[in-house]
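Below is one structure, written out as structure tokens; the observations come after it.
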Amino acid sequence: EEAIPARVGEYTIEFSLQTDKTEDQLRNQISVNVVANEPIKLEPDCQPQTPIVFYCTDIANRILVENMTLKITDQFGNPAGQDLNGKVFISIKSPEVERNRSVPLFEGKTSTKEMSLKEGNAHIDSLVIMENSPGENGSRYILLFRPEVTLPPTSLSTFELPFHFYNDAENQQKMFELMKKKDELNDAVERCNKVLDSMSKQKDLLENEVKDTTEKELSLRNELNRRGVKIEHPISITHIQGCQKQKTSEVERIEKIRRVCSISNSFSGPDVLGMVGQLALVADDDAAWVISWHLQGDMDCLITTTTAAAQKICDDTGGNQQVMPLDGILVQRGNRPLPHIRNSRELFNPSGNPIFAKDLLIYPHKQQSCDPDKLGKVFKNLLGDTILMDDLNSATNYRKAVVERGIQCPTILTRKGERVSARGKFGGAQNRAPSVDKLKVFGAPLPQHYYILKEEIDLVCRYRTAVEEKEKVEKDYKDCLVKWFDELFQNNSKKDEVTKELQEIERELASASVRPGKRACGNSEESPGIAIKRARKSMENPEMF
């Protein structure tokens with residue numbers, strides 16, 4: 001279960017189906033567009049530093065905000081107010097515990113300002129307090145940015161920006177430097193925290209990779225054990241390679257001893273199916289021998305789908321290549337039973353295991369793209385109802401019993417290499433198959449053990465890859481642990497130093513702040529009475545300056 005990303009944008013979700021083979025068998029990807037949630041707050045593009053303003057006439061020391069853009073966002077900071085328009089009302093307040101304090105005023109002696117809010121954005125070029133603004137020296141105030149939109153009526157959180165106000169000229173520069181240093185130290189602490197967070201995420205990522213690769217290796221090892229392929233412990237790549245090599249050698253041995261058809265085919269094309277001898281396989285050696293002999297004159301016949309294709313090949317070879325087009329073949333529909341069976345009942349109990357020769361044909365994997373009905377039509381045309389039996393004695397007895405019941409008997413072949421023709425003739429060289437090395441013989445299908453070996457080889461290869469991935473991830477994790485330890489020590493040391501320095505700055509700010517002394521809105525020049533009071537305070541409390 002995955003969480004929706006917090007940031008808006010285009011993302012890709014991948015779905016995968018994993019079977020007991022432990023590898024993704026089916027993958028599908030969809031693209032999703034994550035959009036912003038409901039608008040809930042007003043915030044700046046980037047967080048400004050804490051402003052410090054002074055009781056003075058110099059505008060540079062009276063600036064609260066400069067070149068700041070506010071935007072309406074959702075809870076994750078994504079822009080969410082593209083359809084919202086209205087106003088942003090700006091005011092200043094004291095902290096809740098000091099509501100009776102005098103509050104600085106904006107330029108123009110006003111306590112509020114307003115800015116236009118268009119498409120969820122409000123830009124402030126400059127916001128300053130008035131010259132010689134009222135306010136208490138060393139006090140902290142809060143600048144409020146309150147958005148109001150009309151359509152739809154939405155309640156949005158106010159953005160608050162704290163700032164400091166000073167009216168003591170001697171402390172102004174010192175406080176400014178201290179606040180600047182404080183902001184820099186806060187940024188340094190934040191950078192340290194980000195480094196720690198990044199290290200933690202990287203560590204979690206590698207730990208998950210170690211877990212995933214370990215689970216995958218274990219799953220594949222269990223699958224190999226279930227198939228009888230034992231994996232030694234501790235795991236050794238050399239042992240896995242040896243197991244893979246052994247099974248590959250066995251596959252090559254099976255391929256080498258397998259009976260194959262020796263007929264070559266130089267014809268190809270969309271209308272060419274192939275040579276008769278290449279279109280089928282026969283598992284039993286004796287059956288393959290006698291059926292191949294029976295069809296010896298047809299084994300190199302080229303089968304095409306159309307008469308036009310057959311005619312072209314015949315013409316191109318000067319009539320030397322025999323061809324047979326499918327659209328020129330007509331065979332009886334359906335499959336009739338063996339002659340000794342009528343109405344699904346045996347008329348007698350034959351010996352010799354009679355079976356139709358065409359039922360022993362197997363169509364190879366490379367012909368699976370061809371319609372099996374087409375291949376069946378070819379061999380039904382060539383073999384008809386030819387029967388295969390064990391030996392000549394059972395074949396002749398079978399024919400005699402069938403004919404006695406007034407039933408036509410087709411040609412019978414025997415596993416010993418004899419033939420009893422449909423006319424009842426047998427014996428002689430014409431009805432005896434020569435040795436197999438003198439014939440073009442149907443190939444044999446690969447045994448089931450071959451396909452099991454191929455699956456096991458594939459599984460061993462995947463297991464080897466999984467082990468190598470696991471070992472690599474574990475090494476990366478161990479290497480990173482050493483690196484993380486050094487970086488963590490250095491980062492924590494730096495953070496401790498910055499934190500101590502920040503605490504010292506806080507103490508200096510606290511001691512340098514002068515709490516008493518209100519300033520009323522008025523002229524930029526001080527009255528003599530005020531000047532005398534300030535001088536007297538300076539003499540009475542020198543440590544405050």
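If you're wondering about the labels, chains in the structure tokens are A, B, ... by order shown, residues count from 1 in each chain, ligands from 1 in order shown.
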
So which residues touch stretch 498-509 of chain A within 9 Å, counting only C-alpha atoms, skipping near sequence neighbours fewer than 2 positions away, as number ranges by chain?
A: 175, 178-179, 181-182, 185-186, 188-189, 493-496, 511-513

For N, CA and C atoms, I'd like the residues from the last selection saved as a tab-separated table (two decimals), in the first residue's frame.
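Just written: part_26.tsv:
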```
chain	number	residue	atom	x	y	z
A	175	MET	N	22.04	44.69	17.81
A	175	MET	CA	20.89	43.80	17.72
A	175	MET	C	20.73	43.27	16.29
A	178	LEU	N	23.30	40.60	15.85
A	178	LEU	CA	22.94	39.40	16.60
A	178	LEU	C	21.80	38.63	15.92
A	179	MET	N	20.79	39.36	15.46
A	179	MET	CA	19.66	38.70	14.79
A	179	MET	C	20.10	38.06	13.48
A	181	LYS	N	23.10	36.96	12.87
A	181	LYS	CA	23.86	35.77	13.25
A	181	LYS	C	22.93	34.65	13.70
A	182	LYS	N	21.87	35.01	14.41
A	182	LYS	CA	20.91	34.01	14.87
A	182	LYS	C	20.24	33.31	13.69
A	185	LEU	N	22.68	30.93	12.18
A	185	LEU	CA	22.83	29.71	12.99
A	185	LEU	C	21.62	28.80	12.87
A	186	ASN	N	20.44	29.40	12.82
A	186	ASN	CA	19.22	28.58	12.62
A	186	ASN	C	19.26	27.86	11.29
A	188	ALA	N	21.99	26.98	9.79
A	188	ALA	CA	23.00	25.92	9.92
A	188	ALA	C	22.42	24.70	10.62
A	189	VAL	N	21.61	24.94	11.67
A	189	VAL	CA	20.95	23.81	12.36
A	189	VAL	C	20.01	23.08	11.41
A	493	SER	N	28.59	16.68	15.89
A	493	SER	CA	29.53	17.59	16.55
A	493	SER	C	29.30	19.02	16.08
A	494	LYS	N	29.13	19.18	14.77
A	494	LYS	CA	28.87	20.50	14.22
A	494	LYS	C	27.56	21.07	14.74
A	495	LYS	N	26.54	20.20	14.81
A	495	LYS	CA	25.24	20.66	15.30
A	495	LYS	C	25.33	21.08	16.76
A	496	ASP	N	26.09	20.33	17.57
A	496	ASP	CA	26.25	20.69	18.98
A	496	ASP	C	26.94	22.05	19.11
A	511	SER	N	19.92	39.86	26.99
A	511	SER	CA	20.56	40.88	27.83
A	511	SER	C	20.62	42.23	27.13
A	512	ALA	N	20.66	42.20	25.78
A	512	ALA	CA	20.78	43.46	25.04
A	512	ALA	C	19.45	44.14	24.84
A	513	SER	N	18.33	43.38	24.99
A	513	SER	CA	17.01	43.97	24.76
A	513	SER	C	16.66	44.91	25.90
```

Taking the DSSP assignment computed from this structure's backbone, write out as a PyMOL selection string all residues of stretch 71-287 of chain A that belong to strand (DSSP E).
chain A and resi 71-73+86-93+112-117+121-128+135-136+139-149+159-166+272-275+281-282

For stretch 436-451 of chain A, work out the shell of residues within 12 Å, counting only C-alpha atoms and skipping chain neighbours fewer than 5 positions away, then give it as JSON, numbers by chain.
{"A": [247, 248, 249, 250, 251, 252, 253, 254, 255, 256, 257, 258, 259, 260, 261, 262, 263, 264, 275, 276, 277, 278, 279, 280, 281, 282, 283, 284, 285, 286, 287, 288, 289, 290, 291, 292, 293, 294, 295, 296, 297, 298, 299, 300, 360, 361, 362, 363, 364, 365, 366, 416, 417, 456, 457, 458]}

Near-A:Ile90 list (6 Å; only C-alpha atoms; drop same-chain fewer than 2 positions) as an NGL selection string
:A and (112-114 or 144-145)

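Our summary of the geometry notes that atom CA of A:Val32 is positioned 18.1 Å from atom CA of A:Ala80.
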
Please report the interatomic distance between atom CA of A:Ser351 and atom CA of A:Ala422 in Å with one decimal.
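A separation of 18.9 Å between them.
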
Closest of A:Arg221, A:His164, A:Lys203, A:Lys71 to A:Thr465 - atom-to-atom distances counting only C-alpha atoms
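Using only C-alpha atoms, the shortest distance to A:Thr465 belongs to A:Arg221.
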
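Closest approach to A:Arg405 from the set A:His340, A:Lys358, A:Lys245, A:Arg101 is made by A:His340, with distances taken over only C-alpha atoms.
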